[in-house]
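The file upload.txt comes next; it holds compact mmCIF, C-alpha atoms.
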# COMPACT_ATOMS: atom_id res chain seq x y z
CA MET A 1 166.48 -198.99 225.72
CA SER A 2 168.35 -202.08 226.90
CA SER A 3 168.45 -203.11 230.54
CA PRO A 4 171.77 -202.32 232.31
CA THR A 5 174.21 -205.19 232.76
CA ASP A 6 175.78 -206.16 236.10
CA PRO A 7 179.01 -204.17 235.54
CA GLU A 8 176.98 -201.15 234.41
CA LEU A 9 174.83 -201.38 237.54
CA ALA A 10 177.92 -201.78 239.73
CA ALA A 11 179.46 -198.67 238.18
CA LEU A 12 176.22 -196.72 238.60
CA PHE A 13 175.57 -197.81 242.18
CA GLY A 14 179.26 -197.31 243.07
CA GLU A 15 178.66 -193.63 243.71
CA ILE A 16 176.61 -194.47 246.82
CA PRO A 17 178.95 -194.72 249.84
CA ASP A 18 178.85 -197.70 252.19
CA PRO A 19 177.21 -196.78 255.51
CA ALA A 20 178.71 -199.79 257.31
CA PRO A 21 182.25 -200.56 256.16
CA ALA A 22 183.67 -203.95 257.11
CA SER A 23 186.03 -202.46 259.71
CA HIS A 24 183.03 -201.62 261.94
CA ALA A 25 182.02 -205.26 262.21
CA ALA A 26 182.98 -207.37 265.22
CA SER A 27 182.57 -211.14 265.02
CA PRO A 28 179.58 -212.71 266.73
CA ARG A 29 180.12 -215.62 269.07
CA LEU A 30 179.63 -219.13 267.79
CA PRO A 31 176.11 -220.03 268.93
CA ARG A 32 175.47 -223.16 270.98
CA LEU A 33 174.19 -225.68 268.49
CA PRO A 34 171.41 -228.18 269.18
CA PRO A 35 171.46 -231.49 267.31
CA ALA A 36 170.49 -231.12 263.65
CA PRO A 37 169.89 -233.81 261.01
CA THR A 38 172.54 -234.33 258.35
CA ARG A 39 171.87 -234.34 254.63
CA ARG A 40 171.64 -238.12 254.51
CA VAL A 41 169.06 -238.22 257.31
CA VAL A 42 167.01 -235.47 255.67
CA GLN A 43 167.03 -237.22 252.30
CA GLY A 44 165.98 -240.48 253.93
CA ARG A 45 163.13 -238.78 255.76
CA ARG A 46 161.93 -237.08 252.59
CA ALA A 47 161.95 -240.33 250.66
CA ALA A 48 160.00 -241.97 253.50
CA ALA A 49 157.51 -239.09 253.51
CA LEU A 50 157.01 -239.38 249.75
CA ILE A 51 156.44 -243.13 249.96
CA GLY A 52 154.20 -242.68 253.02
CA GLY A 53 152.11 -239.97 251.36
CA LEU A 54 151.62 -241.94 248.17
CA SER A 55 150.86 -245.10 250.15
CA TRP A 56 148.26 -243.16 252.16
CA LEU A 57 146.44 -242.31 248.93
CA GLY A 58 146.98 -245.75 247.40
CA VAL A 59 145.69 -247.62 250.44
CA HIS A 60 142.59 -245.43 250.61
CA LEU A 61 141.95 -245.91 246.93
CA ALA A 62 142.27 -249.66 247.40
CA VAL A 63 139.85 -249.57 250.35
CA TYR A 64 137.29 -247.24 248.74
CA GLY A 65 137.69 -248.83 245.31
CA LEU A 66 138.09 -247.56 241.76
CA ARG A 67 135.14 -245.85 240.09
CA THR A 68 132.77 -248.33 238.50
CA ASP A 69 132.59 -246.57 235.14
CA LEU A 70 136.36 -246.35 234.57
CA SER A 71 136.41 -248.79 231.64
CA GLU A 72 133.61 -246.90 229.88
CA LEU A 73 135.28 -243.49 230.00
CA ARG A 74 136.85 -241.98 226.88
CA PHE A 75 140.65 -241.75 226.89
CA GLY A 76 140.54 -237.94 226.62
CA TYR A 77 138.39 -237.68 229.74
CA VAL A 78 140.68 -239.96 231.75
CA ALA A 79 143.75 -238.11 230.47
CA ALA A 80 142.33 -234.72 231.46
CA GLN A 81 140.84 -235.71 234.82
CA ILE A 82 143.39 -238.20 236.09
CA VAL A 83 146.60 -238.39 234.04
CA LEU A 84 147.15 -234.64 233.67
CA PRO A 85 146.78 -233.87 237.41
CA VAL A 86 149.20 -236.68 238.26
CA VAL A 87 151.71 -235.39 235.70
CA LEU A 88 151.30 -231.83 236.98
CA ALA A 89 151.64 -232.98 240.59
CA THR A 90 154.85 -234.88 239.83
CA GLY A 91 156.25 -231.93 237.89
CA SER A 92 155.27 -229.56 240.68
CA LEU A 93 157.09 -231.64 243.29
CA VAL A 94 160.19 -231.84 241.11
CA VAL A 95 160.17 -228.08 240.52
CA ALA A 96 159.44 -227.20 244.16
CA LEU A 97 162.28 -229.35 245.48
CA GLY A 98 164.67 -228.89 242.55
CA SER A 99 167.83 -226.86 242.88
CA ALA A 100 169.39 -224.48 240.38
CA LYS A 101 173.01 -223.40 240.01
CA LEU A 102 173.28 -221.65 243.38
CA GLY A 103 171.33 -224.32 245.24
CA LEU A 104 168.49 -221.95 246.08
CA GLY A 105 165.85 -223.64 243.96
CA LEU A 106 164.52 -223.16 240.46
CA LYS A 107 163.42 -219.75 239.21
CA ILE A 108 160.60 -218.22 241.19
CA GLY A 109 158.67 -217.36 238.01
CA LEU A 110 158.42 -221.05 237.11
CA VAL A 111 157.54 -221.99 240.69
CA SER A 112 154.78 -219.39 241.05
CA THR A 113 153.34 -220.15 237.61
CA LEU A 114 153.11 -223.85 238.40
CA ALA A 115 151.66 -223.18 241.86
CA LEU A 116 148.82 -221.26 240.23
CA LEU A 117 148.52 -223.31 237.06
CA GLY A 118 148.14 -226.71 238.74
CA PRO A 119 145.06 -225.99 240.89
CA ALA A 120 143.61 -223.66 238.23
CA SER A 121 143.90 -226.28 235.49
CA PHE A 122 142.26 -228.88 237.73
CA CYS A 123 139.30 -226.57 238.35
CA ILE A 124 139.01 -225.42 234.74
CA ILE A 125 139.07 -229.01 233.47
CA ALA A 126 136.45 -229.95 236.07
CA LEU A 127 134.16 -227.26 234.72
CA ALA A 128 134.98 -227.28 231.02
CA ALA A 129 135.77 -230.90 230.09
CA PRO A 130 133.01 -232.51 228.03
CA VAL A 131 130.83 -234.67 230.25
CA PRO A 132 130.94 -238.35 229.16
CA ARG A 133 127.24 -238.91 229.99
CA ALA A 134 124.31 -237.06 231.50
CA PRO A 135 125.25 -236.24 235.11
CA GLU A 136 123.27 -238.02 237.80
CA PRO A 137 121.24 -235.77 240.08
CA GLY A 138 123.63 -235.34 243.01
CA THR A 139 123.06 -233.75 246.40
CA LEU A 140 125.03 -231.13 248.24
CA LEU A 141 125.86 -233.79 250.81
CA ASP A 142 127.68 -235.85 248.14
CA THR A 143 129.79 -232.83 247.26
CA VAL A 144 130.58 -232.02 250.90
CA LEU A 145 131.46 -235.66 251.51
CA CYS A 146 133.87 -235.75 248.56
CA PHE A 147 135.42 -232.47 249.70
CA ASP A 148 135.89 -233.79 253.23
CA ILE A 149 137.48 -237.01 252.04
CA THR A 150 139.81 -235.21 249.63
CA ILE A 151 140.88 -232.84 252.41
CA ALA A 152 141.55 -235.82 254.67
CA TRP A 153 143.64 -237.35 251.88
CA VAL A 154 145.57 -234.08 251.62
CA ALA A 155 146.13 -233.72 255.36
CA VAL A 156 148.51 -236.60 256.03
CA PRO A 157 150.90 -235.98 253.11
CA LEU A 158 150.88 -232.29 254.03
CA LEU A 159 151.80 -233.20 257.59
CA CYS A 160 154.59 -235.44 256.30
CA ALA A 161 155.82 -232.53 254.19
CA ALA A 162 155.74 -230.22 257.19
CA ILE A 163 157.82 -232.67 259.22
CA THR A 164 160.41 -233.43 256.56
CA LEU A 165 160.73 -230.07 254.81
CA ARG A 166 161.76 -228.15 257.90
CA GLY A 167 164.09 -225.35 256.80
CA ALA A 168 164.12 -226.67 253.24
CA PHE A 169 163.54 -223.38 251.44
CA ALA A 170 165.92 -220.52 252.04
CA ALA A 171 164.52 -218.35 249.26
CA GLY A 172 161.04 -218.03 247.76
CA ALA A 173 159.69 -220.18 250.58
CA ARG A 174 156.05 -219.12 250.26
CA TRP A 175 155.73 -219.99 246.58
CA ARG A 176 157.70 -223.22 246.93
CA SER A 177 155.55 -224.28 249.89
CA ALA A 178 152.42 -223.40 247.92
CA LEU A 179 153.72 -225.56 245.08
CA VAL A 180 154.28 -228.50 247.42
CA GLY A 181 150.73 -228.00 248.72
CA ALA A 182 149.39 -227.82 245.18
CA ALA A 183 151.24 -231.02 244.25
CA ILE A 184 149.74 -232.84 247.23
CA GLY A 185 146.31 -231.45 246.37
CA LEU A 186 146.64 -232.58 242.76
CA PHE A 187 147.62 -236.10 243.81
CA ALA A 188 144.64 -236.23 246.17
CA GLY A 189 142.30 -234.71 243.57
CA ALA A 190 143.40 -237.21 240.94
CA THR A 191 142.89 -240.03 243.44
CA MET A 192 139.38 -238.77 244.14
CA ASN A 193 138.70 -238.58 240.39
CA LEU A 194 139.79 -242.22 240.19
CA HIS A 195 137.35 -243.17 242.92
CA CYS A 196 134.27 -240.97 242.48
CA SER A 197 132.11 -241.63 239.43
CA ASN A 198 130.10 -238.42 239.67
CA VAL A 199 130.67 -236.48 236.42
CA ALA A 200 128.70 -233.32 237.25
CA PRO A 201 131.01 -230.30 236.68
CA ALA A 202 129.80 -228.50 239.83
CA HIS A 203 130.53 -231.61 241.91
CA LEU A 204 133.99 -232.00 240.38
CA LEU A 205 134.75 -228.35 241.00
CA LEU A 206 133.50 -228.07 244.59
CA GLY A 207 133.93 -231.63 245.79
CA HIS A 208 137.35 -232.35 244.26
CA GLY A 209 138.83 -229.12 242.86
CA LEU A 210 138.24 -226.93 245.88
CA ALA A 211 140.34 -229.29 248.00
CA VAL A 212 143.24 -228.85 245.56
CA VAL A 213 142.98 -225.07 245.96
CA VAL A 214 142.77 -225.42 249.74
CA ALA A 215 145.87 -227.65 249.74
CA ALA A 216 147.86 -225.04 247.79
CA ALA A 217 146.64 -222.31 250.14
CA LEU A 218 147.59 -224.42 253.18
CA GLY A 219 151.03 -224.84 251.67
CA ALA A 220 151.40 -221.08 251.24
CA VAL A 221 150.06 -220.21 254.69
CA ALA A 222 150.94 -223.09 257.01
CA LEU A 223 153.65 -225.26 255.45
CA VAL A 224 155.80 -222.20 254.80
CA LEU A 225 156.12 -221.60 258.54
CA ARG A 226 158.06 -224.86 258.83
CA ALA A 227 159.72 -224.94 255.42
CA ARG A 228 161.30 -221.47 255.47
CA ALA A 229 164.96 -221.70 256.51
CA MET B 1 192.65 -188.78 242.09
CA THR B 2 194.15 -192.02 240.80
CA SER B 3 194.07 -193.18 237.23
CA LEU B 4 194.54 -196.85 236.68
CA ASP B 5 195.76 -198.46 233.52
CA PRO B 6 192.60 -200.20 232.16
CA SER B 7 194.40 -203.46 231.45
CA ALA B 8 195.97 -203.45 234.94
CA GLU B 9 192.58 -202.70 236.44
CA ALA B 10 191.03 -205.57 234.50
CA ARG B 11 193.83 -207.90 235.63
CA ALA B 12 193.37 -206.80 239.23
CA ARG B 13 189.63 -207.30 238.98
CA GLN B 14 190.15 -210.74 237.43
CA GLN B 15 192.62 -211.67 240.16
CA GLY B 16 190.24 -210.44 242.84
CA ARG B 17 187.41 -212.44 241.30
CA THR B 18 189.54 -215.58 241.15
CA GLU B 19 190.48 -215.17 244.82
CA VAL B 20 186.84 -214.63 245.77
CA ASP B 21 185.79 -217.64 243.68
CA GLY B 22 188.49 -219.77 245.30
CA GLU B 23 187.44 -218.66 248.77
CA ALA B 24 183.77 -219.27 247.95
CA SER B 25 184.37 -222.78 246.67
CA SER B 26 186.42 -223.55 249.77
CA ILE B 27 183.53 -222.42 252.03
CA ASP B 28 181.09 -224.33 249.82
CA ARG B 29 183.11 -227.49 250.32
CA ALA B 30 183.27 -226.86 254.07
CA MET B 31 179.51 -226.37 254.22
CA SER B 32 178.99 -229.51 252.17
CA ARG B 33 181.15 -231.49 254.60
CA TYR B 34 179.20 -229.98 257.47
CA ALA B 35 175.90 -230.95 255.85
CA ASP B 36 177.25 -234.49 255.60
CA GLY B 37 177.82 -234.54 259.35
CA HIS B 38 181.42 -233.32 259.79
CA ASP B 39 180.68 -230.95 262.67
CA ALA B 40 184.20 -229.51 262.79
CA ALA B 41 183.67 -227.90 259.37
CA PHE B 42 181.14 -225.48 260.83
CA GLY B 43 183.92 -223.43 262.43
CA GLU B 44 185.41 -222.79 259.01
CA VAL B 45 182.03 -221.75 257.61
CA PHE B 46 181.39 -219.56 260.63
CA ARG B 47 184.72 -217.75 260.43
CA ALA B 48 184.41 -217.16 256.70
CA LEU B 49 180.82 -215.97 256.72
CA SER B 50 180.63 -213.97 259.96
CA PRO B 51 182.00 -210.67 258.64
CA ARG B 52 179.92 -210.83 255.46
CA LEU B 53 176.69 -211.66 257.25
CA LEU B 54 177.32 -209.03 259.91
CA GLY B 55 177.92 -206.39 257.26
CA PHE B 56 174.88 -207.46 255.29
CA LEU B 57 172.60 -207.45 258.34
CA ARG B 58 174.09 -204.20 259.62
CA ARG B 59 173.21 -202.52 256.32
CA LEU B 60 169.75 -204.06 256.32
CA CYS B 61 168.76 -203.30 259.90
CA GLY B 62 170.88 -200.24 260.68
CA SER B 63 171.76 -201.37 264.18
CA PRO B 64 175.07 -203.14 265.02
CA GLU B 65 173.57 -204.82 268.10
CA LEU B 66 170.59 -206.15 266.21
CA ALA B 67 172.87 -207.25 263.36
CA HIS B 68 174.86 -209.26 265.91
CA ASP B 69 171.75 -211.01 267.22
CA LEU B 70 170.46 -211.66 263.72
CA ALA B 71 173.81 -213.08 262.63
CA GLN B 72 173.71 -215.55 265.51
CA GLU B 73 170.15 -216.47 264.63
CA THR B 74 171.22 -216.92 261.01
CA PHE B 75 173.97 -219.36 261.96
CA LEU B 76 171.56 -221.25 264.16
CA ARG B 77 169.08 -221.56 261.28
CA MET B 78 171.87 -222.59 258.91
CA HIS B 79 172.80 -225.30 261.37
CA ARG B 80 169.20 -226.53 261.67
CA ALA B 81 168.78 -226.53 257.89
CA ARG B 82 172.17 -228.04 257.08
CA GLY B 83 170.56 -231.22 255.82
CA SER B 84 168.81 -229.16 253.12
CA PHE B 85 172.01 -227.64 251.79
CA VAL B 86 172.19 -228.89 248.22
CA PRO B 87 175.37 -230.74 247.15
CA GLY B 88 177.32 -228.38 244.91
CA GLY B 89 175.32 -225.39 246.14
CA ALA B 90 176.84 -222.03 246.99
CA VAL B 91 176.83 -221.29 250.70
CA VAL B 92 177.14 -217.49 250.46
CA PRO B 93 173.82 -216.87 248.64
CA TRP B 94 172.19 -219.53 250.82
CA ALA B 95 173.41 -217.78 253.97
CA TYR B 96 172.30 -214.39 252.65
CA ALA B 97 168.84 -215.80 251.97
CA ILE B 98 168.59 -217.18 255.51
CA ALA B 99 169.93 -213.93 256.99
CA ARG B 100 167.33 -212.05 255.03
CA ASN B 101 164.62 -214.37 256.40
CA CYS B 102 165.87 -213.67 259.94
CA PHE B 103 165.75 -209.95 259.29
CA ALA B 104 162.26 -210.23 257.75
CA SER B 105 160.92 -212.08 260.82
CA HIS B 106 162.38 -209.42 263.10
CA ALA B 107 161.26 -206.55 260.91
CA ARG B 108 157.68 -207.70 261.38
CA SER B 109 157.89 -207.39 265.14
CA LEU B 110 157.17 -204.24 267.09
CA LYS B 111 160.53 -204.53 268.79
CA THR B 112 162.39 -204.01 265.56
CA ARG B 113 160.22 -201.11 264.54
CA ALA B 114 161.18 -199.49 267.83
CA ALA B 115 164.83 -200.19 267.12
CA TRP B 116 164.45 -198.54 263.75
CA SER B 117 162.81 -195.46 265.18
CA SER B 118 165.59 -195.12 267.72
CA LEU B 119 168.28 -195.61 265.09
CA ASP B 120 170.88 -193.11 266.15
CA ILE B 121 172.66 -191.30 263.41
CA SER B 122 173.90 -188.57 265.69
CA ASP B 123 177.29 -190.31 265.94
CA HIS B 124 177.95 -189.42 262.36
CA GLU B 125 176.69 -185.87 262.87
CA VAL B 126 178.65 -185.24 266.04
CA ALA B 127 181.80 -186.64 264.53
CA ALA B 128 181.34 -184.51 261.44
CA GLY B 129 180.66 -181.40 263.48
CA LEU B 130 183.50 -181.81 265.98
CA ASP B 131 186.31 -182.66 263.64
CA SER B 132 186.53 -179.34 261.86
CA ASN B 133 190.08 -180.02 260.62
CA ALA B 134 189.21 -183.21 258.83
CA GLU B 135 186.70 -181.87 256.37
CA GLU B 136 186.99 -184.84 254.07
CA THR B 137 186.34 -187.31 256.88
CA ALA B 138 183.36 -185.27 257.95
CA VAL B 139 181.92 -185.33 254.44
CA VAL B 140 182.39 -189.09 254.21
CA ARG B 141 180.73 -189.63 257.57
CA GLN B 142 177.93 -187.31 256.71
CA SER B 143 177.32 -189.12 253.43
CA ALA B 144 177.33 -192.43 255.27
CA ALA B 145 174.77 -191.07 257.71
CA VAL B 146 172.55 -189.88 254.88
CA VAL B 147 172.80 -193.28 253.19
CA GLU B 148 172.03 -195.07 256.45
CA ARG B 149 169.04 -192.88 257.17
CA THR B 150 167.66 -193.15 253.63
CA LEU B 151 168.12 -196.93 253.65
CA ALA B 152 166.20 -197.04 256.93
CA GLN B 153 163.34 -195.03 255.50
CA MET B 154 162.86 -196.91 252.24
CA SER B 155 160.88 -200.13 251.85
CA VAL B 156 162.58 -203.34 252.89
CA THR B 157 162.21 -204.84 249.41
CA ASN B 158 164.04 -201.93 247.78
CA ARG B 159 166.66 -201.84 250.52
CA GLU B 160 167.59 -205.51 250.41
CA ALA B 161 167.84 -205.53 246.61
CA PHE B 162 170.16 -202.52 246.62
CA VAL B 163 172.28 -203.75 249.54
CA LEU B 164 172.84 -207.13 247.90
CA ILE B 165 173.90 -205.66 244.57
CA ARG B 166 175.81 -202.58 245.70
CA PHE B 167 177.44 -203.61 248.97
CA GLU B 168 177.51 -207.41 248.89
CA GLY B 169 178.67 -207.62 245.29
CA GLN B 170 175.96 -210.03 244.18
CA SER B 171 174.90 -210.17 240.54
CA VAL B 172 171.30 -209.34 239.68
CA ALA B 173 170.66 -213.03 238.97
CA ALA B 174 172.08 -214.10 242.35
CA ALA B 175 170.19 -211.34 244.18
CA ALA B 176 166.99 -212.48 242.48
CA GLN B 177 167.61 -216.05 243.67
CA ILE B 178 168.36 -214.88 247.20
CA LEU B 179 165.27 -212.69 247.38
CA GLY B 180 162.98 -215.20 245.63
CA ALA B 181 161.99 -212.63 243.02
CA SER B 182 162.43 -212.18 239.28
CA GLU B 183 165.55 -210.48 237.95
CA GLY B 184 163.47 -207.66 236.48
CA ALA B 185 161.78 -206.99 239.80
CA VAL B 186 165.09 -206.98 241.67
CA LYS B 187 166.66 -204.60 239.17
CA LEU B 188 163.68 -202.28 239.48
CA ARG B 189 163.78 -202.34 243.29
CA ALA B 190 167.51 -201.67 243.38
CA PHE B 191 167.08 -198.83 240.93
CA ARG B 192 164.32 -197.27 243.03
CA ALA B 193 166.57 -197.46 246.08
CA TYR B 194 169.43 -195.93 244.11
CA GLU B 195 167.25 -193.03 242.97
CA LEU B 196 166.17 -192.36 246.57
CA LEU B 197 169.74 -192.50 247.85
CA ARG B 198 171.06 -190.31 245.09
CA GLY B 199 168.31 -187.76 245.73
CA ALA B 200 169.03 -187.76 249.46
CA LEU B 201 172.76 -187.30 248.92
CA LYS B 202 172.13 -184.47 246.48
CA SER B 203 169.80 -182.63 248.80
CA ALA B 204 172.30 -183.07 251.65
CA GLU B 205 174.97 -181.51 249.45
CA VAL B 206 172.66 -178.60 248.58
CA SER B 207 171.82 -178.11 252.27
CA ASN B 208 175.48 -178.03 253.19
CA GLY B 209 176.20 -175.50 250.47
CA ALA B 210 173.71 -173.01 251.99
CA PRO B 211 174.80 -171.04 255.09
CA ARG B 212 172.97 -172.65 258.00
CA GLY B 213 175.06 -171.80 261.03
CA GLY B 214 176.77 -175.17 261.22
CA ASN B 215 173.57 -177.21 261.30
CA GLN B 216 172.92 -180.06 258.90
CA PRO B 217 169.21 -180.07 258.17
CA GLY B 218 169.62 -182.85 255.64
CA LEU B 219 170.39 -185.20 258.49
CA GLU B 220 167.54 -184.34 260.79
CA ALA B 221 165.71 -187.43 261.99
Hey, can you dump this file as structure tokens for me?
Amino acid sequence: MSSPTDPELAALFGEIPDPAPASHAASPRLPRLPPAPTRRVVQGRRAAALIGGLSWLGVHLAVYGLRTDLSELRFGYVAAQIVLPVVLATGSLVVALGSAKLGLGLKIGLVSTLALLGPASFCIIALAAPVPRAPEPGTLLDTVLCFDITIAWVAVPLLCAAITLRGAFAAGARWRSALVGAAIGLFAGATMNLHCSNVAPAHLLLGHGLAVVVAAALGAVALVLRARA
Amino acid sequence: MTSLDPSAEARARQQGRTEVDGEASSIDRAMSRYADGHDAAFGEVFRALSPRLLGFLRRLCGSPELAHDLAQETFLRMHRARGSFVPGGAVVPWAYAIARNCFASHARSLKTRAAWSSLDISDHEVAAGLDSNAEETAVVRQSAAVVERTLAQMSVTNREAFVLIRFEGQSVAAAAQILGASEGAVKLRAFRAYELLRGALKSAEVSNGAPRGGNQPGLEA
């Protein structure tokens, strides 16, 4: 059986009477309006936040340094651990902030899929990607340290997003905010993968991947409070 | 009973759609100007959207007073978020989405739950009972009361999907965008709401058909 079209639905639903016809409505008063940024200001702030967030990661990477074994790693490993998260993060940002025909953002199915897929793929790759060499015996402290640093790398861009995305999402705000969080987490996770030379899957999962998941969750829980219009 | 010539009806519908489209694009342009910093354009947006948002919120929350407050809150949020209004975007779905967010925030509070519980449908009942000469009016009012009460009792997700499609004239695709859900989910929710409303209206009809000494048990709170 085919799904009913819009006119068919309208005809079907038409039998239900309107409980609040238009004649009952009286106009509200024009509210007193506080100053609000214009589109140009908002776009400028968002561009500044994007540059600031990426600079935050770049500067830290420059200070902490690239991993020492980068030149010895196979291309596939680098592509899976670094290039793919960066591509996914960029795509996630584009999808989260993109607008469709009505200006309410891209389809929620795509947004929610990406919000789950990004962090999940990062964690799965961390666990399942072939290890380039025998992992060094690491300590729990190393893992906690990497997690802490990755979370710190996530925090500032997330704060920038919270400041500049105020009222940005009128519809599907929770998923879109989660996607922004996931994108930030993926950028930070990829940066950590560029810095940390530990190849142990458990370390990659808990030290780097968990922060990506936390970033997406922070987006869904905290960023949404600011980003929902 | 009126029977319309199908081609005339189609022409009328097409004309109505063109007028609505024209009006919508004019509000869209006004909102776009406002987003660019032309403050005077907000008056135009406000005048054009007020009745629609009031009606939408009234159907969602069931209380005219609350709908008034929520409409004001909606305009305030639209103003704060004007910089996020996408160039070429449609202001009506955007405003509906923000109004729905306002309603959702209020629906979570205890205050609103109290407002719901005190939702007074007796106006409809009294009017229907007193005006014994206007049987048709009474039936219409009674049906409206049943719809209002059933809308109030169903889940918010089902209610908002149905209200957008049935009363606000939004397509399933637009309603899905406004609600941040898939088209299939929105269709399903609206259908569930429709089934509930149809059932309630039917049982009210059955109740009225039985001799009950002038009472209307179908409308009891």
Pick out the chain A residues within 6 Å of chain B. Count only C-alpha atoms. Give them as a list in words.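 Contact residues on the first chain: Phe13, Pro19, Pro28, Ala36, Pro37, Thr38, Arg39, Val42, Leu102, Gly103, Ile108, Gly167, Ala168, Ala170, Ala171, Gly172 and Ala229 of chain A.
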The centre and edge lengths of an axis-aligned box containing all atoms of range 83-98 of chain A present in the file, extended by 3 Å on each side, are to be given in Å to one decimal, as JSON.
{"center_x": 155.6, "center_y": -232.8, "center_z": 239.6, "size_x": 24.1, "size_y": 17.2, "size_z": 17.8}
Distance of CA of Pro201 in chain A from CA of Thr143 in chain A, expressed in Å to one decimal place: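 We find that CA of Thr143 in chain A and CA of Pro201 in chain A lie 10.9 Å from each other.
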May I ask for the distance between CA of Leu57 in chain A and CA of Val41 in chain A, given in Å to one decimal place? 24.5 Å
re CA of Phe103 in chain B and CA of Ser26 in chain B: distance 26.5 Å
I'd like to know which of B:Cys61, B:Val45, B:Leu196, B:Ala138 is closest to Ile27 in chain B, using all atoms listed in the file. B:Val45
Give the answer as one residue: which of A:Gly65, A:Pro35, A:Gly98, A:Gly189 has the shortest atom-to-atom distance to His208 in chain A, using all atoms listed in the file?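 Under the stated criterion, the closest residue is A:Gly189.
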Counting all atoms listed in the file, which of A:Val59, A:Val214, A:Leu223, A:Ala48 gets nearest to Leu159 in chain A?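 So, comparing all the options, the nearest one is A:Leu223.
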Using the atoms already present, construct N, CA and C atoms for range 59-70 of chain A and hand them back as a short mmCIF file (atom, residue, chain, number, x, y, z; two decimals), in the coordinates of the input.
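Listing of out29.cif after writing:
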data_model
loop_
_atom_site.label_atom_id
_atom_site.label_comp_id
_atom_site.auth_asym_id
_atom_site.auth_seq_id
_atom_site.Cartn_x
_atom_site.Cartn_y
_atom_site.Cartn_z
N VAL A 59 146.42 -246.72 249.55
CA VAL A 59 145.69 -247.62 250.44
C VAL A 59 144.21 -247.20 250.49
N HIS A 60 143.97 -245.90 250.58
CA HIS A 60 142.59 -245.43 250.61
C HIS A 60 141.86 -245.73 249.31
N LEU A 61 142.58 -245.60 248.21
CA LEU A 61 141.95 -245.91 246.93
C LEU A 61 141.61 -247.41 246.86
N ALA A 62 142.52 -248.21 247.40
CA ALA A 62 142.27 -249.66 247.40
C ALA A 62 141.07 -249.99 248.29
N VAL A 63 140.95 -249.30 249.42
CA VAL A 63 139.85 -249.57 250.35
C VAL A 63 138.52 -249.06 249.78
N TYR A 64 138.54 -247.83 249.26
CA TYR A 64 137.29 -247.24 248.74
C TYR A 64 136.92 -247.83 247.37
N GLY A 65 137.94 -248.21 246.62
CA GLY A 65 137.69 -248.83 245.31
C GLY A 65 137.75 -247.85 244.16
N LEU A 66 138.07 -248.37 242.97
CA LEU A 66 138.09 -247.56 241.76
C LEU A 66 136.67 -247.26 241.32
N ARG A 67 136.48 -246.20 240.57
CA ARG A 67 135.14 -245.85 240.09
C ARG A 67 134.63 -246.96 239.18
N THR A 68 133.35 -247.19 239.21
CA THR A 68 132.77 -248.33 238.50
C THR A 68 132.72 -248.12 236.99
N ASP A 69 132.73 -246.84 236.57
CA ASP A 69 132.59 -246.57 235.14
C ASP A 69 133.93 -246.34 234.44
N LEU A 70 135.04 -246.70 235.10
CA LEU A 70 136.36 -246.35 234.57
C LEU A 70 136.60 -246.91 233.17
#
